[in-house]
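Below: coords09.txt (compact mmCIF, C-alpha atoms)
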# COMPACT_ATOMS: atom_id res chain seq x y z
CA MET Q 1 82.16 119.97 102.29
CA THR Q 2 83.18 116.46 103.32
CA PRO Q 3 84.31 116.30 106.96
CA ILE Q 4 87.92 115.38 107.71
CA ARG Q 5 87.96 111.84 109.11
CA VAL Q 6 89.94 111.61 112.38
CA VAL Q 7 91.02 108.84 114.74
CA ILE Q 8 91.93 109.92 118.28
CA ALA Q 9 94.23 107.62 120.27
CA ASP Q 10 94.82 108.51 123.92
CA ASP Q 11 94.65 106.42 127.08
CA HIS Q 12 92.71 109.09 129.01
CA PRO Q 13 89.00 108.80 128.14
CA LEU Q 14 88.04 112.24 129.43
CA TYR Q 15 90.74 113.94 127.35
CA ARG Q 16 89.90 111.82 124.29
CA ASP Q 17 86.20 112.72 124.60
CA GLY Q 18 87.03 116.42 124.99
CA VAL Q 19 89.19 116.45 121.85
CA SER Q 20 86.50 114.55 119.98
CA ARG Q 21 83.79 116.98 121.05
CA THR Q 22 85.98 120.00 120.22
CA LEU Q 23 86.59 118.73 116.70
CA THR Q 24 83.11 117.42 115.87
CA GLU Q 25 81.29 120.54 117.12
CA THR Q 26 82.95 122.56 114.36
CA GLY Q 27 81.29 120.47 111.65
CA ARG Q 28 84.64 120.26 109.85
CA PHE Q 29 85.65 116.91 111.35
CA ALA Q 30 84.17 113.45 111.83
CA VAL Q 31 85.80 111.43 114.59
CA VAL Q 32 85.46 107.98 113.05
CA ALA Q 33 87.15 106.07 115.89
CA GLN Q 34 88.78 106.40 119.27
CA ALA Q 35 91.40 104.15 120.85
CA ALA Q 36 92.70 103.72 124.39
CA THR Q 37 95.85 101.76 123.48
CA ALA Q 38 98.36 102.02 120.68
CA ARG Q 39 97.49 98.51 119.50
CA GLU Q 40 93.81 99.47 119.35
CA ALA Q 41 94.80 102.65 117.47
CA LEU Q 42 96.49 100.64 114.72
CA ALA Q 43 93.43 98.40 114.37
CA GLN Q 44 91.10 101.44 114.21
CA VAL Q 45 93.30 103.12 111.57
CA GLN Q 46 93.22 99.97 109.44
CA ARG Q 47 89.43 99.64 109.88
CA ALA Q 48 88.34 103.28 109.53
CA ALA Q 49 90.89 104.60 106.98
CA PRO Q 50 90.98 108.13 108.48
CA ASP Q 51 92.49 111.21 106.89
CA LEU Q 52 94.33 112.07 110.11
CA VAL Q 53 95.33 110.35 113.36
CA LEU Q 54 95.96 112.16 116.64
CA LEU Q 55 98.23 109.80 118.58
CA ASP Q 56 99.57 110.08 122.12
CA ILE Q 57 103.19 109.00 122.62
CA SER Q 58 102.77 107.85 126.22
CA MET Q 59 100.07 105.24 126.00
CA PRO Q 60 99.88 101.47 126.51
CA ASP Q 61 101.71 99.54 123.76
CA GLY Q 62 103.78 102.61 122.81
CA GLY Q 63 102.74 105.48 120.58
CA LEU Q 64 106.05 105.73 118.71
CA ALA Q 65 106.04 102.05 117.74
CA THR Q 66 102.46 102.44 116.54
CA LEU Q 67 103.38 105.54 114.56
CA ARG Q 68 105.99 103.49 112.70
CA GLN Q 69 103.43 100.73 112.05
CA ILE Q 70 100.88 103.24 110.75
CA MET Q 71 103.46 104.85 108.47
CA ALA Q 72 104.33 101.40 107.09
CA LEU Q 73 100.75 100.88 105.83
CA SER Q 74 100.29 100.97 102.05
CA ALA Q 75 98.32 104.23 102.23
CA PRO Q 76 99.04 105.75 105.65
CA PRO Q 77 96.98 108.67 106.93
CA ARG Q 78 98.60 111.83 108.18
CA VAL Q 79 99.62 111.45 111.82
CA ALA Q 80 100.23 114.04 114.52
CA MET Q 81 101.41 113.35 118.02
CA LEU Q 82 99.14 114.90 120.67
CA THR Q 83 101.10 114.56 123.89
CA VAL Q 84 102.53 116.07 127.05
CA SER Q 85 106.04 114.88 126.24
CA GLU Q 86 108.56 117.62 125.58
CA GLU Q 87 111.48 115.19 125.57
CA ASP Q 88 113.92 115.91 122.74
CA ASP Q 89 114.22 112.22 121.91
CA ASP Q 90 110.43 111.77 121.62
CA ILE Q 91 110.11 114.80 119.35
CA MET Q 92 112.94 113.77 117.05
CA GLN Q 93 111.84 110.12 116.90
CA ALA Q 94 108.25 111.09 116.08
CA LEU Q 95 109.26 113.49 113.31
CA LYS Q 96 111.78 111.03 111.86
CA ALA Q 97 109.16 108.27 111.91
CA GLY Q 98 106.79 110.38 109.83
CA ALA Q 99 104.63 112.43 112.20
CA LEU Q 100 103.47 115.55 110.39
CA GLY Q 101 102.80 117.36 113.64
CA TYR Q 102 103.77 117.47 117.28
CA ILE Q 103 101.08 119.11 119.41
CA LEU Q 104 101.34 119.64 123.15
CA LYS Q 105 98.23 118.80 125.17
CA GLY Q 106 98.15 122.27 126.71
CA VAL Q 107 96.87 123.67 123.40
CA GLY Q 108 93.54 125.51 123.49
CA ALA Q 109 90.45 124.26 121.67
CA ARG Q 110 90.41 127.00 119.01
CA ASP Q 111 94.10 126.50 118.25
CA LEU Q 112 93.69 122.72 118.12
CA VAL Q 113 90.92 123.01 115.53
CA GLN Q 114 93.09 125.21 113.31
CA ILE Q 115 96.16 123.02 113.75
CA VAL Q 116 94.23 119.85 112.88
CA ALA Q 117 92.71 121.54 109.82
CA ASP Q 118 96.19 122.63 108.70
CA LEU Q 119 97.58 119.13 109.23
CA ALA Q 120 94.74 117.64 107.19
CA GLU Q 121 95.76 119.96 104.34
CA GLY Q 122 99.33 118.64 104.47
CA ARG Q 123 100.94 121.38 106.51
CA SER Q 124 103.27 120.45 109.34
CA TYR Q 125 103.08 121.79 112.86
CA VAL Q 126 105.40 121.81 115.87
CA ALA Q 127 104.70 123.84 119.01
CA LEU Q 128 107.02 126.86 119.03
CA SER Q 129 108.86 125.90 122.22
CA LEU Q 130 109.56 122.51 120.64
CA ALA Q 131 110.39 123.90 117.20
CA ILE Q 132 113.26 125.82 118.73
CA LYS Q 133 114.53 122.57 120.30
CA VAL Q 134 114.16 120.70 117.00
CA LEU Q 135 116.05 123.38 115.08
CA ALA Q 136 118.81 123.40 117.69
CA ALA Q 137 119.08 119.60 117.55
CA MET Q 138 119.14 119.64 113.75
CA HIS Q 139 121.81 122.36 113.80
CA ALA Q 140 123.94 120.28 116.19
CA LEU Q 141 123.80 117.33 113.77
CA ARG Q 142 125.03 119.37 110.79
CA PRO Q 143 128.61 120.25 109.96
CA ALA Q 144 129.55 123.83 110.82
CA ALA Q 145 127.57 126.21 108.63
CA ARG Q 146 129.18 129.02 106.71
CA PRO Q 147 127.69 132.53 106.86
CA ALA Q 148 124.78 133.22 104.47
CA GLY Q 149 125.95 134.39 101.08
CA GLN Q 150 129.53 133.10 101.51
CA PRO Q 151 130.88 130.79 98.78
CA ASP Q 152 131.41 127.11 99.52
CA PRO Q 153 135.05 126.55 100.52
CA ALA Q 154 134.86 123.15 98.81
CA GLY Q 155 134.61 125.03 95.54
CA SER Q 156 131.02 124.40 94.47
CA GLY Q 157 130.61 128.14 93.91
CA HIS Q 158 127.17 128.04 95.54
CA PRO Q 159 126.58 130.52 98.37
CA ALA Q 160 125.12 129.35 101.65
CA PRO Q 161 121.34 129.80 101.85
CA GLY Q 162 120.07 132.47 104.18
CA GLY Q 163 116.94 132.80 106.25
CA ALA Q 164 115.35 129.42 105.54
CA GLY Q 165 113.64 127.65 108.41
CA SER Q 166 113.60 130.59 110.78
CA VAL Q 167 111.15 130.65 113.64
CA GLU Q 168 109.64 133.86 115.00
CA GLN Q 169 107.47 134.67 118.00
CA GLY Q 170 104.07 132.94 118.08
CA ARG Q 171 102.32 129.79 119.23
CA GLY Q 172 103.90 127.36 116.80
CA ALA Q 173 105.81 126.85 113.62
CA ARG Q 174 104.00 125.56 110.57
CA THR Q 175 104.98 124.81 107.02
CA GLY Q 176 102.67 124.57 104.05
CA PRO Q 177 102.53 121.83 101.41
CA ALA Q 178 104.67 123.88 99.04
CA GLY Q 179 107.33 124.31 101.73
CA LYS Q 180 106.21 127.83 102.56
CA ASP Q 181 106.88 128.57 106.20
CA ARG Q 182 104.24 130.46 108.11
CA GLN Q 183 103.77 131.55 111.65
CA ALA Q 184 100.92 130.37 113.88
Output the file's structure as structure tokens, nothing else.
Amino acid sequence: MTPIRVVIADDHPLYRDGVSRTLTETGRFAVVAQAATAREALAQVQRAAPDLVLLDISMPDGGLATLRQIMALSAPPRVAMLTVSEEDDDIMQALKAGALGYILKGVGARDLVQIVADLAEGRSYVALSLAIKVLAAMHALRPAARPAGQPDPAGSGHPAPGGAGSVEQGRGARTGPAGKDRQA
């Protein structure tokens, strides 16, 4: 089995080394580069061509700007934010810019390994406490929803969908490549 190639970008060397060690000790991952600044992260991504990037939002040169630059590459890797920020604006900007995951730094080692493996397979991940915020923000942006199963008053004849995108108790919300929701 070929290891999943990862770049870790965080301005705290001790944290970066701990994440690197956690991932490499499993044998499932190869940390091909580390970066202390967002600018260095972009250069490492271009040089190492990883499968996945773990990128901190709050680092020198700006993690969100670097996320956008990475996503603009001709063949961008999957990117997940690994951060302490629980700010609604950071979450929404990261997801809109193309982040596949939003992981809080308080995550345990075992959970991090599973989350990173899932992300590498194309699944998305948002910490449960943040998923609830994201869903609430998305709901606030939509026009008023009609009850599930009720016909469209505009006359399309299509009933409102029911149950999609629900979040239950657990550590996080994940979706699979085929759009199948699953609980962490």
Quiz item: atom CA of Q:Glu25 and atom CA of Q:Val79 are how many Å apart?
Solution: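 Atom-to-atom, atom CA of Q:Glu25 and atom CA of Q:Val79 are spaced 21.1 Å apart.
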Quiz item: Restricting the calculation to all atoms listed in the file, which member of Q:Leu95, Q:Ala33, Q:Ala9, Q:Ile115 is positioned closest to Q:Leu130?
Solution: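 Ranking Q:Leu95, Q:Ala33, Q:Ala9, Q:Ile115 by distance to Q:Leu130, first place goes to Q:Leu95.
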Quiz item: Using all atoms listed in the file, which of Q:Leu82, Q:Ala109, Q:Leu104, Q:Ala43 sits nearest Q:Ile8?
Solution: Q:Leu82
Self-check item: Residue with smallest distance to Q:Asp90 - pool Q:Met71, Q:Ala127, Q:Ile57, Q:Met1, counting all atoms listed in the file
Solution: Q:Ile57
So which residues touch stretch 96-99 of chain Q within 12 Å, counting all atoms listed in the file, skipping near sequence neighbours fewer than 5 positions away, as a PDB file with C-alpha atoms, in the coordinates of the input?
ATOM      1  CA  LEU Q  52      94.330 112.070 110.110  1.00  0.00           C
ATOM      2  CA  VAL Q  53      95.330 110.350 113.360  1.00  0.00           C
ATOM      3  CA  LEU Q  54      95.960 112.160 116.640  1.00  0.00           C
ATOM      4  CA  LEU Q  55      98.230 109.800 118.580  1.00  0.00           C
ATOM      5  CA  ASP Q  56      99.570 110.080 122.120  1.00  0.00           C
ATOM      6  CA  ILE Q  57     103.190 109.000 122.620  1.00  0.00           C
ATOM      7  CA  GLY Q  63     102.740 105.480 120.580  1.00  0.00           C
ATOM      8  CA  LEU Q  64     106.050 105.730 118.710  1.00  0.00           C
ATOM      9  CA  ALA Q  65     106.040 102.050 117.740  1.00  0.00           C
ATOM     10  CA  THR Q  66     102.460 102.440 116.540  1.00  0.00           C
ATOM     11  CA  LEU Q  67     103.380 105.540 114.560  1.00  0.00           C
ATOM     12  CA  ARG Q  68     105.990 103.490 112.700  1.00  0.00           C
ATOM     13  CA  GLN Q  69     103.430 100.730 112.050  1.00  0.00           C
ATOM     14  CA  ILE Q  70     100.880 103.240 110.750  1.00  0.00           C
ATOM     15  CA  MET Q  71     103.460 104.850 108.470  1.00  0.00           C
ATOM     16  CA  ALA Q  72     104.330 101.400 107.090  1.00  0.00           C
ATOM     17  CA  LEU Q  73     100.750 100.880 105.830  1.00  0.00           C
ATOM     18  CA  PRO Q  76      99.040 105.750 105.650  1.00  0.00           C
ATOM     19  CA  PRO Q  77      96.980 108.670 106.930  1.00  0.00           C
ATOM     20  CA  ARG Q  78      98.600 111.830 108.180  1.00  0.00           C
ATOM     21  CA  VAL Q  79      99.620 111.450 111.820  1.00  0.00           C
ATOM     22  CA  ALA Q  80     100.230 114.040 114.520  1.00  0.00           C
ATOM     23  CA  MET Q  81     101.410 113.350 118.020  1.00  0.00           C
ATOM     24  CA  LEU Q  82      99.140 114.900 120.670  1.00  0.00           C
ATOM     25  CA  ASP Q  89     114.220 112.220 121.910  1.00  0.00           C
ATOM     26  CA  ASP Q  90     110.430 111.770 121.620  1.00  0.00           C
ATOM     27  CA  ILE Q  91     110.110 114.800 119.350  1.00  0.00           C
ATOM     28  CA  LEU Q 119      97.580 119.130 109.230  1.00  0.00           C
ATOM     29  CA  GLY Q 122      99.330 118.640 104.470  1.00  0.00           C
ATOM     30  CA  ARG Q 123     100.940 121.380 106.510  1.00  0.00           C
ATOM     31  CA  SER Q 124     103.270 120.450 109.340  1.00  0.00           C
ATOM     32  CA  TYR Q 125     103.080 121.790 112.860  1.00  0.00           C
ATOM     33  CA  VAL Q 126     105.400 121.810 115.870  1.00  0.00           C
ATOM     34  CA  VAL Q 134     114.160 120.700 117.000  1.00  0.00           C
ATOM     35  CA  MET Q 138     119.140 119.640 113.750  1.00  0.00           C
TER      36      MET Q 138
END
Contact residues around Q:Val19 with all atoms listed in the file at 10 Å, ignoring same-chain residues under 2 positions, as a PDB file with C-alpha atoms, in the coordinates of the input:
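And here is the file that came out, selection.pdb:
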ATOM      1  CA  ILE Q   8      91.930 109.920 118.280  1.00  0.00           C
ATOM      2  CA  ASP Q  10      94.820 108.510 123.920  1.00  0.00           C
ATOM      3  CA  PRO Q  13      89.000 108.800 128.140  1.00  0.00           C
ATOM      4  CA  LEU Q  14      88.040 112.240 129.430  1.00  0.00           C
ATOM      5  CA  TYR Q  15      90.740 113.940 127.350  1.00  0.00           C
ATOM      6  CA  ARG Q  16      89.900 111.820 124.290  1.00  0.00           C
ATOM      7  CA  ASP Q  17      86.200 112.720 124.600  1.00  0.00           C
ATOM      8  CA  ARG Q  21      83.790 116.980 121.050  1.00  0.00           C
ATOM      9  CA  THR Q  22      85.980 120.000 120.220  1.00  0.00           C
ATOM     10  CA  LEU Q  23      86.590 118.730 116.700  1.00  0.00           C
ATOM     11  CA  THR Q  24      83.110 117.420 115.870  1.00  0.00           C
ATOM     12  CA  VAL Q  31      85.800 111.430 114.590  1.00  0.00           C
ATOM     13  CA  LEU Q  54      95.960 112.160 116.640  1.00  0.00           C
ATOM     14  CA  LYS Q 105      98.230 118.800 125.170  1.00  0.00           C
ATOM     15  CA  ALA Q 109      90.450 124.260 121.670  1.00  0.00           C
ATOM     16  CA  LEU Q 112      93.690 122.720 118.120  1.00  0.00           C
ATOM     17  CA  VAL Q 113      90.920 123.010 115.530  1.00  0.00           C
TER      18      VAL Q 113
END
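When all atoms listed in the file are used to compute distances to Q:Val32, the closest of the residues Q:Asp51, Q:Asp111, Q:Glu121, Q:Glu87 turns out to be Q:Asp51.
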Quiz item: So how far away is atom CA of Q:Ala30 from atom CA of Q:Asp118, in Å?
Solution: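 Distance reported for this atom pair: 15.4 Å.
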Quiz item: With only C-alpha atoms as the basis for distance, which of Q:Ala75, Q:Ser129, Q:Ala38, Q:Met92 is at the shortest distance from Q:Asp61?
Solution: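 Looking at the shortest contact to Q:Asp61, the residue is Q:Ala38.
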Quiz item: For Q:Pro60, which residue among Q:Ala131, Q:Val107, Q:Ala41, Q:Ala136 is the nearest when counting all atoms listed in the file?
Solution: Q:Ala41
Quiz prompt | Distance in Å - atom CA of Q:Val84 versus atom CA of Q:Lys133 | solution = 15.2 Å
Around all the atoms of stretch 109-127 of chain Q listed in the file, with 4 Å of room on each side, what axis-aligned box do you get, giving centre and edge lengths in Å to one decimal, as lines of an AutoDock Vina configuration file?
center_x = 97.9
center_y = 122.3
center_z = 113.0
size_x = 23.0
size_y = 17.4
size_z = 25.3
